[in-house]
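These notes are about the structure you will find just below.
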2 protein chains.
Amino acid sequence: MRGQPAYQVIKRRIIQALSEGIYPAGSVLPAEKTLASQYGVSIGTLRKAVDELVSDGILIRQQGRGTFVAQHDNDRLLYYFFHIVRHDGRKVTPKVQLISFKSERASRDQAGKLRLVVGDKIIQITNLLSLDGEPILVDVISIEAARFKGLTQQKFVGRPSSIYNLYQTGFDQTVVKASERLRATAATALQSELLRVPLGHPLLWIRRIALGFHDDPIEWRESFICTDRYEYFSELSS
Amino acid sequence: MRGQPAYQVIKRRIIQALSEGIYPAGSVLPAEKTLASQYGVSIGTLRKAVDELVSDGILIRQQGRGTFVAQHDNDRLLYYFFHIVRHDGRKVTPKVQLISFKSERASRDQAGKLRLVVGDKIIQITNLLSLDGEPILVDVISIEAARFKGLTQQKFVGRPSSIYNLYQTGFDQTVVKASERLRATAATALQSELLRVPLGHPLLWIRRIALGFHDDPIEWRESFICTDRYEYFSELSS
DNA sequence: TAGTGGTCTAGACCACACA
DNA sequence: GTGTGGTCTAGACCACTAC
């Protein structure tokens with residue numbers, strides 16, 4: 001099969017089916033035995049392909065029930081994509097407050113991150129996130145307007161669940177992984193006002209690119225965090 | 001087998017053998033067929049156990065050559081435990097300069113992190129790390145004296161390779177994984193002098209616990225990083 | 001050529017969920 | 001009870017390394 005292991009080929013075919021919406025978010029896949037015979041491989045090979053998709057966080061296996069397409073919900077968000085915890089280690093679900101929602105043209109920086117051309121239409125959203133009632137984090141989100149056709153401020157604010165859930169269920173944009181770079185910086189006037197810290201206060205500055213099934217950039221996000229009571233966690237192993 | 005899957009039992013038995021020094025760092029394990037018959041399981045089950053150890057970064061498979069016990073070398077350090085890169089993404093091997101090497105008694109904080117009692121003997125080491133000739137990072141390392149019997153400043157400075165390699169080859173202390181918490185902070189007098197930045201300059205503050213085979217704390221480390229030209233990277237997926 | 005890990009098969013049986 | 005994923009087997013053959 002094109003010189004590649006069969007399970008890799010199967011894995012890519014399943015990802016293709018997922019990105020084409022054949023198995024929508026939250027739906028159950030056919031049984032593994034069924035899939036194995038559909039793809040013409042043994043159950044062991046099929047399982048190896050699904051194993052990888054599960055460890056990538058794309059599928060979720062539940063013994064006795066079936067294999068499901070992972071859906072962005074609050075638990076998933078907190079576990080995979082929100083790495084801020086209290087100093088004592090406790091995780092808190094953030095409360096999001098919209099600061100601004102604007103249509104813009106991509107700057108050189110934004111275009112580079114989102115693989116666009118300078119001047120392409122983008123939407124820029126600024127949010128203030130609070131944890132336990134305290135303002136802790138300012139998010140500046142940039143997304144390509146063409147990917148999110150029909151997104152309005154009203155739809156954004158009225159979303160029933162997380163932002164990534166809105167991307168997934170409203171626009172077929174599933175964030176599969178993200179890559180973050182962290183720096184320390186001094187609070188600007190706007191940041192110090194929103195986060196209620198002195199001008200120049202040290203903030204953690206996170207720059208994130210969120211990617212889809214085919215490593216296509218879905219969202220570029222910059223976060224500024226007051227780490228006086230909360231901090232970023234990272235596990236180093238594999 | 002104690003109500004647990006066989007491959008989990010095998011995995012723990014291999015970890016046990018590794019921590020007892022039966023397979024030293026860098027050595028080759030018996031062939032998988034041999035191991036399978038030694039442990040009385042099929043090749044598939046043995047492979048599943050080894051699969052996990054490989055994905056944990058504890059073993060390294062090389063087709064045609066064998067399976068090896070992972071050893072801390074520069075590549076491994078850079079890949080697993082050193083998450084600082086230049087703004088352009090390039091990885092650089094740090095040059096380490098010793099600032100101080102002191103015998104101390106554990107503070108409440110240090111004792112908590114290393115699971116010791118306040119007043120237990122520890123060694124505290126301060127290093128200045130340079131990248132491309134520029135001082136970028138101050139490390140403050142705390143380790144339990146009893147775990148590193150015979151470690152002197154001379155041995156520390158004269159180590160042939162990385163610090164974790166010294167722990168592993170000199171004291172049978174293999175760092176398997178680490179857990180980091182990040183904050184932003186303002187440079188103190190000592191930090192600003194060493195890193196050549198103004199007093200109060202925003203620094204990235206990393207607090208790391210390094211763990212061994214049995215999740216035992218080996219090292220507690222605080223790092224202070226000037227992120228003007230370098231930054232911390234983190235991949236969010238599984 | 002011999003020995004290693006890498007892939008793949010075609011089942012069997014177990015644990016769990018649900019009706 | 002039926003259907004699902006989870007574990008395990010006992011091989012076969014392939015790809016790679018080293019001699």
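Within each chain, counting starts at residue 1; across the structure tokens, chains are named A, B, ... in the order shown, with ligands numbered 1 upward in that order.
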Selection: 12 Å around D:DA12, only C-alpha atoms (C1' of nucleotides), excl. self and same-chain fewer than 4 positions, as a list in words: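 Surrounding residues, per the criterion: DT7, DC8, DT9 and DA10 of chain C.
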Give me a file of those residues, with N, CA and C atoms (P, O5', C5', C4', C3', O3' and C1' of nucleotides), as a PDB file, in the first residue's frame.
```pdb
ATOM      1  P    DT C   7       5.737  -0.672  12.339  1.00  0.00           P
ATOM      2  O5'  DT C   7       5.097  -1.932  11.600  1.00  0.00           O
ATOM      3  C5'  DT C   7       5.321  -2.094  10.214  1.00  0.00           C
ATOM      4  C4'  DT C   7       4.588  -3.307   9.711  1.00  0.00           C
ATOM      5  C3'  DT C   7       3.058  -3.249   9.870  1.00  0.00           C
ATOM      6  O3'  DT C   7       2.505  -3.339   8.569  1.00  0.00           O
ATOM      7  C1'  DT C   7       3.927  -5.354  10.546  1.00  0.00           C
ATOM      8  P    DC C   8       0.954  -3.070   8.328  1.00  0.00           P
ATOM      9  O5'  DC C   8       0.306  -4.511   8.569  1.00  0.00           O
ATOM     10  C5'  DC C   8       0.665  -5.572   7.701  1.00  0.00           C
ATOM     11  C4'  DC C   8       0.066  -6.878   8.208  1.00  0.00           C
ATOM     12  C3'  DC C   8      -1.386  -6.785   8.692  1.00  0.00           C
ATOM     13  O3'  DC C   8      -2.227  -7.289   7.654  1.00  0.00           O
ATOM     14  C1'  DC C   8      -0.006  -8.262  10.016  1.00  0.00           C
ATOM     15  P    DT C   9      -3.789  -7.514   7.901  1.00  0.00           P
ATOM     16  O5'  DT C   9      -3.813  -9.020   8.393  1.00  0.00           O
ATOM     17  C5'  DT C   9      -3.090  -9.994   7.667  1.00  0.00           C
ATOM     18  C4'  DT C   9      -3.228 -11.351   8.335  1.00  0.00           C
ATOM     19  C3'  DT C   9      -4.655 -11.706   8.737  1.00  0.00           C
ATOM     20  O3'  DT C   9      -4.995 -12.960   8.167  1.00  0.00           O
ATOM     21  C1'  DT C   9      -3.143 -12.103  10.532  1.00  0.00           C
ATOM     22  P    DA C  10      -6.464 -13.166   7.535  1.00  0.00           P
ATOM     23  O5'  DA C  10      -7.151 -14.156   8.566  1.00  0.00           O
ATOM     24  C5'  DA C  10      -6.465 -15.362   8.947  1.00  0.00           C
ATOM     25  C4'  DA C  10      -7.033 -15.849  10.266  1.00  0.00           C
ATOM     26  C3'  DA C  10      -8.540 -15.556  10.436  1.00  0.00           C
ATOM     27  O3'  DA C  10      -9.156 -16.696  11.033  1.00  0.00           O
ATOM     28  C1'  DA C  10      -7.350 -14.704  12.251  1.00  0.00           C
TER      29       DA C  10
END
```
Residue set, stretch 107-153 of chain B restricted to strand (DSSP E or B), as a VMD selection string: chain B and resid 121 to 131 134 to 144
Those selected residues, please, written with N, CA and C atoms and delivered as a PDB file, in the first residue's frame.
```
ATOM      1  N   LYS B 121      19.451  17.405  54.967  1.00  0.00           N
ATOM      2  CA  LYS B 121      20.563  17.946  54.181  1.00  0.00           C
ATOM      3  C   LYS B 121      20.233  17.971  52.692  1.00  0.00           C
ATOM      4  N   ILE B 122      20.484  19.098  52.081  1.00  0.00           N
ATOM      5  CA  ILE B 122      20.327  19.197  50.629  1.00  0.00           C
ATOM      6  C   ILE B 122      21.554  19.886  50.042  1.00  0.00           C
ATOM      7  N   ILE B 123      21.669  19.773  48.733  1.00  0.00           N
ATOM      8  CA  ILE B 123      22.696  20.518  47.999  1.00  0.00           C
ATOM      9  C   ILE B 123      21.965  21.515  47.117  1.00  0.00           C
ATOM     10  N   GLN B 124      22.421  22.762  47.135  1.00  0.00           N
ATOM     11  CA  GLN B 124      21.798  23.776  46.295  1.00  0.00           C
ATOM     12  C   GLN B 124      22.824  24.333  45.319  1.00  0.00           C
ATOM     13  N   ILE B 125      22.488  24.263  44.049  1.00  0.00           N
ATOM     14  CA  ILE B 125      23.425  24.643  42.995  1.00  0.00           C
ATOM     15  C   ILE B 125      22.793  25.744  42.152  1.00  0.00           C
ATOM     16  N   THR B 126      23.530  26.798  41.917  1.00  0.00           N
ATOM     17  CA  THR B 126      23.059  27.866  41.032  1.00  0.00           C
ATOM     18  C   THR B 126      23.922  27.898  39.783  1.00  0.00           C
ATOM     19  N   ASN B 127      23.253  27.897  38.624  1.00  0.00           N
ATOM     20  CA  ASN B 127      23.969  27.926  37.346  1.00  0.00           C
ATOM     21  C   ASN B 127      23.486  29.076  36.496  1.00  0.00           C
ATOM     22  N   LEU B 128      24.383  29.545  35.640  1.00  0.00           N
ATOM     23  CA  LEU B 128      23.999  30.516  34.626  1.00  0.00           C
ATOM     24  C   LEU B 128      24.143  29.840  33.267  1.00  0.00           C
ATOM     25  N   LEU B 129      23.053  29.796  32.504  1.00  0.00           N
ATOM     26  CA  LEU B 129      23.100  29.138  31.191  1.00  0.00           C
ATOM     27  C   LEU B 129      23.152  30.183  30.083  1.00  0.00           C
ATOM     28  N   SER B 130      24.037  29.936  29.141  1.00  0.00           N
ATOM     29  CA  SER B 130      24.160  30.845  28.008  1.00  0.00           C
ATOM     30  C   SER B 130      23.790  30.131  26.720  1.00  0.00           C
ATOM     31  N   LEU B 131      23.147  30.877  25.826  1.00  0.00           N
ATOM     32  CA  LEU B 131      22.779  30.351  24.523  1.00  0.00           C
ATOM     33  C   LEU B 131      23.377  31.285  23.488  1.00  0.00           C
ATOM     34  N   GLU B 134      25.137  34.302  24.894  1.00  0.00           N
ATOM     35  CA  GLU B 134      24.425  35.285  25.706  1.00  0.00           C
ATOM     36  C   GLU B 134      23.871  34.645  26.967  1.00  0.00           C
ATOM     37  N   PRO B 135      24.011  35.287  28.130  1.00  0.00           N
ATOM     38  CA  PRO B 135      23.412  34.739  29.348  1.00  0.00           C
ATOM     39  C   PRO B 135      21.893  34.901  29.291  1.00  0.00           C
ATOM     40  N   ILE B 136      21.173  33.792  29.417  1.00  0.00           N
ATOM     41  CA  ILE B 136      19.731  33.795  29.179  1.00  0.00           C
ATOM     42  C   ILE B 136      18.955  33.280  30.378  1.00  0.00           C
ATOM     43  N   LEU B 137      19.571  32.409  31.185  1.00  0.00           N
ATOM     44  CA  LEU B 137      18.775  31.620  32.124  1.00  0.00           C
ATOM     45  C   LEU B 137      19.559  31.366  33.407  1.00  0.00           C
ATOM     46  N   VAL B 138      18.919  31.613  34.543  1.00  0.00           N
ATOM     47  CA  VAL B 138      19.509  31.280  35.840  1.00  0.00           C
ATOM     48  C   VAL B 138      18.758  30.088  36.418  1.00  0.00           C
ATOM     49  N   ASP B 139      19.492  29.030  36.764  1.00  0.00           N
ATOM     50  CA  ASP B 139      18.917  27.809  37.331  1.00  0.00           C
ATOM     51  C   ASP B 139      19.290  27.703  38.793  1.00  0.00           C
ATOM     52  N   VAL B 140      18.319  27.401  39.644  1.00  0.00           N
ATOM     53  CA  VAL B 140      18.620  27.099  41.045  1.00  0.00           C
ATOM     54  C   VAL B 140      18.131  25.688  41.322  1.00  0.00           C
ATOM     55  N   ILE B 141      19.084  24.779  41.533  1.00  0.00           N
ATOM     56  CA  ILE B 141      18.782  23.352  41.662  1.00  0.00           C
ATOM     57  C   ILE B 141      18.879  22.941  43.125  1.00  0.00           C
ATOM     58  N   SER B 142      17.867  22.182  43.592  1.00  0.00           N
ATOM     59  CA  SER B 142      17.928  21.623  44.941  1.00  0.00           C
ATOM     60  C   SER B 142      17.798  20.108  44.855  1.00  0.00           C
ATOM     61  N   ILE B 143      18.745  19.395  45.447  1.00  0.00           N
ATOM     62  CA  ILE B 143      18.692  17.930  45.468  1.00  0.00           C
ATOM     63  C   ILE B 143      19.004  17.427  46.867  1.00  0.00           C
ATOM     64  N   GLU B 144      18.463  16.254  47.162  1.00  0.00           N
ATOM     65  CA  GLU B 144      18.677  15.660  48.477  1.00  0.00           C
ATOM     66  C   GLU B 144      20.111  15.133  48.575  1.00  0.00           C
TER      67      GLU B 144
END
```
Residues of stretch 111-234 of chain A in helix (DSSP H, G or I), written as a short mmCIF file (atom, residue, chain, number, x, y, z; two decimals) with N, CA and C atoms, in the first residue's frame:
```
data_model
loop_
_atom_site.label_atom_id
_atom_site.label_comp_id
_atom_site.auth_asym_id
_atom_site.auth_seq_id
_atom_site.Cartn_x
_atom_site.Cartn_y
_atom_site.Cartn_z
N ALA A 111 -0.97 37.23 9.09
CA ALA A 111 -0.99 36.48 7.84
C ALA A 111 0.00 35.32 7.89
N GLY A 112 1.18 35.59 8.44
CA GLY A 112 2.18 34.53 8.54
C GLY A 112 1.70 33.37 9.39
N LYS A 113 1.10 33.68 10.54
CA LYS A 113 0.66 32.63 11.45
C LYS A 113 -0.49 31.82 10.86
N LEU A 114 -1.40 32.49 10.15
CA LEU A 114 -2.59 31.80 9.63
C LEU A 114 -2.41 31.35 8.18
N ALA A 145 -11.60 35.17 8.13
CA ALA A 145 -13.03 35.38 7.92
C ALA A 145 -13.63 34.31 6.99
N ALA A 146 -12.86 33.90 5.97
CA ALA A 146 -13.40 32.95 4.99
C ALA A 146 -13.67 31.58 5.60
N ARG A 147 -12.91 31.22 6.60
CA ARG A 147 -13.11 29.93 7.27
C ARG A 147 -14.35 29.95 8.15
N PHE A 148 -14.71 31.16 8.59
CA PHE A 148 -15.82 31.28 9.55
C PHE A 148 -16.91 32.17 8.97
N GLN A 153 -20.88 38.82 15.83
CA GLN A 153 -20.67 39.02 17.26
C GLN A 153 -21.78 38.35 18.07
N GLN A 154 -23.00 38.45 17.54
CA GLN A 154 -24.14 37.86 18.22
C GLN A 154 -23.99 36.33 18.35
N LYS A 155 -23.62 35.70 17.23
CA LYS A 155 -23.44 34.24 17.28
C LYS A 155 -22.31 33.85 18.22
N PHE A 156 -21.26 34.70 18.20
CA PHE A 156 -20.11 34.39 19.06
C PHE A 156 -20.51 34.46 20.54
N VAL A 157 -21.17 35.55 20.89
CA VAL A 157 -21.54 35.73 22.30
C VAL A 157 -22.59 34.70 22.72
N ILE A 163 -15.50 28.11 22.92
CA ILE A 163 -15.18 28.69 21.61
C ILE A 163 -14.82 27.60 20.61
N TYR A 164 -14.00 26.64 21.04
CA TYR A 164 -13.61 25.57 20.13
C TYR A 164 -14.81 24.69 19.76
N ASN A 165 -15.75 24.57 20.67
CA ASN A 165 -16.99 23.88 20.35
C ASN A 165 -17.76 24.62 19.28
N LEU A 166 -17.78 25.95 19.36
CA LEU A 166 -18.44 26.76 18.32
C LEU A 166 -17.76 26.57 16.97
N TYR A 167 -16.43 26.61 16.96
CA TYR A 167 -15.70 26.38 15.71
C TYR A 167 -16.12 25.05 15.10
N GLN A 168 -16.21 24.02 15.95
CA GLN A 168 -16.43 22.65 15.48
C GLN A 168 -17.86 22.44 15.01
N THR A 169 -18.83 22.83 15.85
CA THR A 169 -20.21 22.53 15.50
C THR A 169 -20.79 23.56 14.52
N GLY A 170 -20.29 24.80 14.55
CA GLY A 170 -20.86 25.82 13.68
C GLY A 170 -20.15 25.97 12.35
N PHE A 171 -18.87 25.61 12.30
CA PHE A 171 -18.09 25.91 11.10
C PHE A 171 -17.23 24.74 10.61
N ALA A 189 -1.12 49.44 29.02
CA ALA A 189 -2.19 50.20 29.67
C ALA A 189 -3.50 49.43 29.66
N LEU A 190 -3.87 48.92 28.47
CA LEU A 190 -5.13 48.18 28.36
C LEU A 190 -5.14 46.95 29.25
N GLN A 191 -4.03 46.20 29.18
CA GLN A 191 -3.94 44.97 29.98
C GLN A 191 -4.01 45.27 31.47
N SER A 192 -3.30 46.30 31.90
CA SER A 192 -3.29 46.58 33.35
C SER A 192 -4.68 47.02 33.80
N GLU A 193 -5.41 47.70 32.92
CA GLU A 193 -6.76 48.10 33.28
C GLU A 193 -7.68 46.88 33.41
N LEU A 194 -7.63 46.02 32.39
CA LEU A 194 -8.51 44.85 32.39
C LEU A 194 -8.17 43.89 33.52
N LEU A 195 -6.88 43.67 33.76
CA LEU A 195 -6.47 42.67 34.75
C LEU A 195 -6.31 43.29 36.14
#
```
Using only C-alpha atoms (C1' of nucleotides), find the residues of chain A whose closest atom to chain C is at most 10 Å away, then write them as a short mmCIF file (atom, residue, chain, number, x, y, z; two decimals) with N, CA and C atoms, in the first residue's frame.
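File part.cif, as written:
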```cif
data_model
loop_
_atom_site.label_atom_id
_atom_site.label_comp_id
_atom_site.auth_asym_id
_atom_site.auth_seq_id
_atom_site.Cartn_x
_atom_site.Cartn_y
_atom_site.Cartn_z
N PRO A 5 3.03 1.40 6.04
CA PRO A 5 2.29 0.39 6.81
C PRO A 5 0.79 0.56 6.63
N ALA A 6 0.08 -0.56 6.63
CA ALA A 6 -1.36 -0.53 6.41
C ALA A 6 -2.06 0.31 7.47
N TYR A 7 -1.61 0.22 8.72
CA TYR A 7 -2.34 0.94 9.77
C TYR A 7 -2.21 2.44 9.61
N VAL A 41 -8.71 -5.06 6.36
CA VAL A 41 -7.56 -5.44 7.18
C VAL A 41 -8.04 -6.24 8.38
N SER A 42 -7.10 -6.83 9.09
CA SER A 42 -7.47 -7.60 10.27
C SER A 42 -7.84 -6.65 11.41
N ILE A 43 -8.51 -7.22 12.40
CA ILE A 43 -8.93 -6.42 13.54
C ILE A 43 -7.73 -5.80 14.26
N GLY A 44 -6.62 -6.53 14.33
CA GLY A 44 -5.42 -6.01 15.00
C GLY A 44 -4.88 -4.77 14.32
N THR A 45 -4.85 -4.80 13.00
CA THR A 45 -4.33 -3.65 12.24
C THR A 45 -5.26 -2.46 12.39
N GLN A 62 -14.95 3.78 24.28
CA GLN A 62 -15.61 3.45 25.53
C GLN A 62 -16.03 2.00 25.48
N GLN A 63 -15.39 1.22 26.33
CA GLN A 63 -15.62 -0.22 26.33
C GLN A 63 -17.11 -0.51 26.50
N GLY A 64 -17.61 -1.40 25.68
CA GLY A 64 -19.02 -1.79 25.77
C GLY A 64 -19.95 -0.85 25.04
N ARG A 65 -19.52 0.41 24.75
CA ARG A 65 -20.40 1.36 24.10
C ARG A 65 -20.03 1.62 22.64
N GLY A 66 -18.76 1.87 22.39
CA GLY A 66 -18.35 2.14 21.02
C GLY A 66 -17.20 3.12 20.97
#
```
Hey, list the chain D side of the contact with chain B: 10 Å cut-off, only C-alpha atoms (C1' of nucleotides), answer as a PDB file with C-alpha atoms (C1' of nucleotides), in the first residue's frame.
```pdb
ATOM      1  C1'  DG D   6      -9.957  -4.789  25.772  1.00  0.00           C
ATOM      2  C1'  DT D   7      -6.670  -8.413  26.051  1.00  0.00           C
ATOM      3  C1'  DC D   8      -4.005 -12.190  24.383  1.00  0.00           C
ATOM      4  C1'  DT D   9      -2.236 -15.797  21.421  1.00  0.00           C
ATOM      5  C1'  DA D  10       1.010 -18.176  18.082  1.00  0.00           C
ATOM      6  C1'  DG D  11       2.497 -17.728  14.622  1.00  0.00           C
ATOM      7  C1'  DA D  15      12.820  -4.399   6.731  1.00  0.00           C
ATOM      8  C1'  DC D  16      16.888  -3.317   8.665  1.00  0.00           C
ATOM      9  C1'  DT D  17      21.687  -4.020  10.898  1.00  0.00           C
ATOM     10  C1'  DA D  18      25.888  -6.127  11.409  1.00  0.00           C
TER      11       DA D  18
END
```
Kindly provide the residues of chain A that approach chain B to within 8 Å, each paired with its closest atom pair and their distance in Å to one decimal, based on only C-alpha atoms, listed by chain and increasing number, as JSON lines.
```
{"residue": "A:Ser55", "atom": "CA", "partner": "B:Ser238", "partner_atom": "CA", "distance": 5.7}
{"residue": "A:Asp56", "atom": "CA", "partner": "B:Ser238", "partner_atom": "CA", "distance": 4.9}
{"residue": "A:Gly57", "atom": "CA", "partner": "B:Ser238", "partner_atom": "CA", "distance": 5.3}
{"residue": "A:Tyr80", "atom": "CA", "partner": "B:Ser237", "partner_atom": "CA", "distance": 6.4}
{"residue": "A:Phe81", "atom": "CA", "partner": "B:Leu236", "partner_atom": "CA", "distance": 6.6}
{"residue": "A:Val176", "atom": "CA", "partner": "B:Ser237", "partner_atom": "CA", "distance": 7.0}
{"residue": "A:Lys177", "atom": "CA", "partner": "B:Ser237", "partner_atom": "CA", "distance": 4.6}
{"residue": "A:Ala178", "atom": "CA", "partner": "B:Leu236", "partner_atom": "CA", "distance": 5.0}
{"residue": "A:Ser179", "atom": "CA", "partner": "B:Glu235", "partner_atom": "CA", "distance": 4.7}
{"residue": "A:Glu180", "atom": "CA", "partner": "B:Ser234", "partner_atom": "CA", "distance": 5.1}
{"residue": "A:Arg181", "atom": "CA", "partner": "B:Phe233", "partner_atom": "CA", "distance": 4.5}
{"residue": "A:Leu182", "atom": "CA", "partner": "B:Tyr232", "partner_atom": "CA", "distance": 4.9}
{"residue": "A:Arg183", "atom": "CA", "partner": "B:Thr227", "partner_atom": "CA", "distance": 5.4}
{"residue": "A:Ala184", "atom": "CA", "partner": "B:Leu204", "partner_atom": "CA", "distance": 5.1}
{"residue": "A:Thr185", "atom": "CA", "partner": "B:Pro202", "partner_atom": "CA", "distance": 5.4}
{"residue": "A:Ala186", "atom": "CA", "partner": "B:Pro202", "partner_atom": "CA", "distance": 6.2}
{"residue": "A:Pro202", "atom": "CA", "partner": "B:Pro202", "partner_atom": "CA", "distance": 5.2}
{"residue": "A:Leu203", "atom": "CA", "partner": "B:Ala184", "partner_atom": "CA", "distance": 5.3}
{"residue": "A:Leu204", "atom": "CA", "partner": "B:Ala184", "partner_atom": "CA", "distance": 5.1}
{"residue": "A:Cys226", "atom": "CA", "partner": "B:Ala184", "partner_atom": "CA", "distance": 7.8}
{"residue": "A:Thr227", "atom": "CA", "partner": "B:Arg183", "partner_atom": "CA", "distance": 5.4}
{"residue": "A:Asp228", "atom": "CA", "partner": "B:Arg183", "partner_atom": "CA", "distance": 7.9}
{"residue": "A:Glu231", "atom": "CA", "partner": "B:Arg183", "partner_atom": "CA", "distance": 5.5}
{"residue": "A:Tyr232", "atom": "CA", "partner": "B:Leu182", "partner_atom": "CA", "distance": 4.9}
{"residue": "A:Phe233", "atom": "CA", "partner": "B:Arg181", "partner_atom": "CA", "distance": 4.5}
{"residue": "A:Ser234", "atom": "CA", "partner": "B:Glu180", "partner_atom": "CA", "distance": 5.1}
{"residue": "A:Glu235", "atom": "CA", "partner": "B:Ser179", "partner_atom": "CA", "distance": 4.6}
{"residue": "A:Leu236", "atom": "CA", "partner": "B:Ala178", "partner_atom": "CA", "distance": 5.0}
{"residue": "A:Ser237", "atom": "CA", "partner": "B:Lys177", "partner_atom": "CA", "distance": 4.6}
{"residue": "A:Ser238", "atom": "CA", "partner": "B:Asp56", "partner_atom": "CA", "distance": 4.8}
```
Å distance separating atom C1' of D:DT4 from atom CA of A:Arg61, one decimal place: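 Pair atom C1' of D:DT4 / atom CA of A:Arg61 returns 9.9 Å.
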d(atom CA of B:Gly133, atom CA of B:Gln97) in Å: 11.4 Å
Length of the atom CA of A:Gly212 to atom CA of A:Gln173 vector [Å]: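 Between atom CA of A:Gly212 and atom CA of A:Gln173 the gap is 6.8 Å.
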Taking 6 positions as the minimum chain separation for residues in the same chain, which residues sit within 10 Å of A:Ile15 when counting only C-alpha atoms (C1' of nucleotides)? Answer as a PDB file with N, CA and C atoms, in the first residue's frame.
```
ATOM      1  N   VAL A   9      -2.026   3.923   6.650  1.00  0.00           N
ATOM      2  CA  VAL A   9      -2.955   4.241   5.565  1.00  0.00           C
ATOM      3  C   VAL A   9      -4.383   4.313   6.108  1.00  0.00           C
ATOM      4  N   GLY A  21     -16.616  15.094   7.266  1.00  0.00           N
ATOM      5  CA  GLY A  21     -17.889  15.116   7.970  1.00  0.00           C
ATOM      6  C   GLY A  21     -18.685  13.837   7.854  1.00  0.00           C
ATOM      7  N   TYR A  23     -18.207  11.159   9.605  1.00  0.00           N
ATOM      8  CA  TYR A  23     -18.522  10.851  11.000  1.00  0.00           C
ATOM      9  C   TYR A  23     -18.505  12.180  11.761  1.00  0.00           C
ATOM     10  N   LEU A  53      -5.252   7.275  16.833  1.00  0.00           N
ATOM     11  CA  LEU A  53      -6.223   8.369  16.803  1.00  0.00           C
ATOM     12  C   LEU A  53      -6.745   8.669  18.206  1.00  0.00           C
ATOM     13  N   ILE A  58      -8.317  12.390  19.040  1.00  0.00           N
ATOM     14  CA  ILE A  58      -9.297  12.612  17.967  1.00  0.00           C
ATOM     15  C   ILE A  58     -10.495  11.682  18.128  1.00  0.00           C
ATOM     16  N   LEU A  59     -10.250  10.462  18.573  1.00  0.00           N
ATOM     17  CA  LEU A  59     -11.333   9.515  18.852  1.00  0.00           C
ATOM     18  C   LEU A  59     -11.333   9.172  20.343  1.00  0.00           C
ATOM     19  N   PHE A 213      -7.321  18.985  11.337  1.00  0.00           N
ATOM     20  CA  PHE A 213      -6.984  17.606  10.976  1.00  0.00           C
ATOM     21  C   PHE A 213      -5.763  17.529  10.059  1.00  0.00           C
ATOM     22  N   HIS A 214      -5.631  18.461   9.165  1.00  0.00           N
ATOM     23  CA  HIS A 214      -4.536  18.389   8.188  1.00  0.00           C
ATOM     24  C   HIS A 214      -3.439  19.394   8.514  1.00  0.00           C
TER      25      HIS A 214
END
```
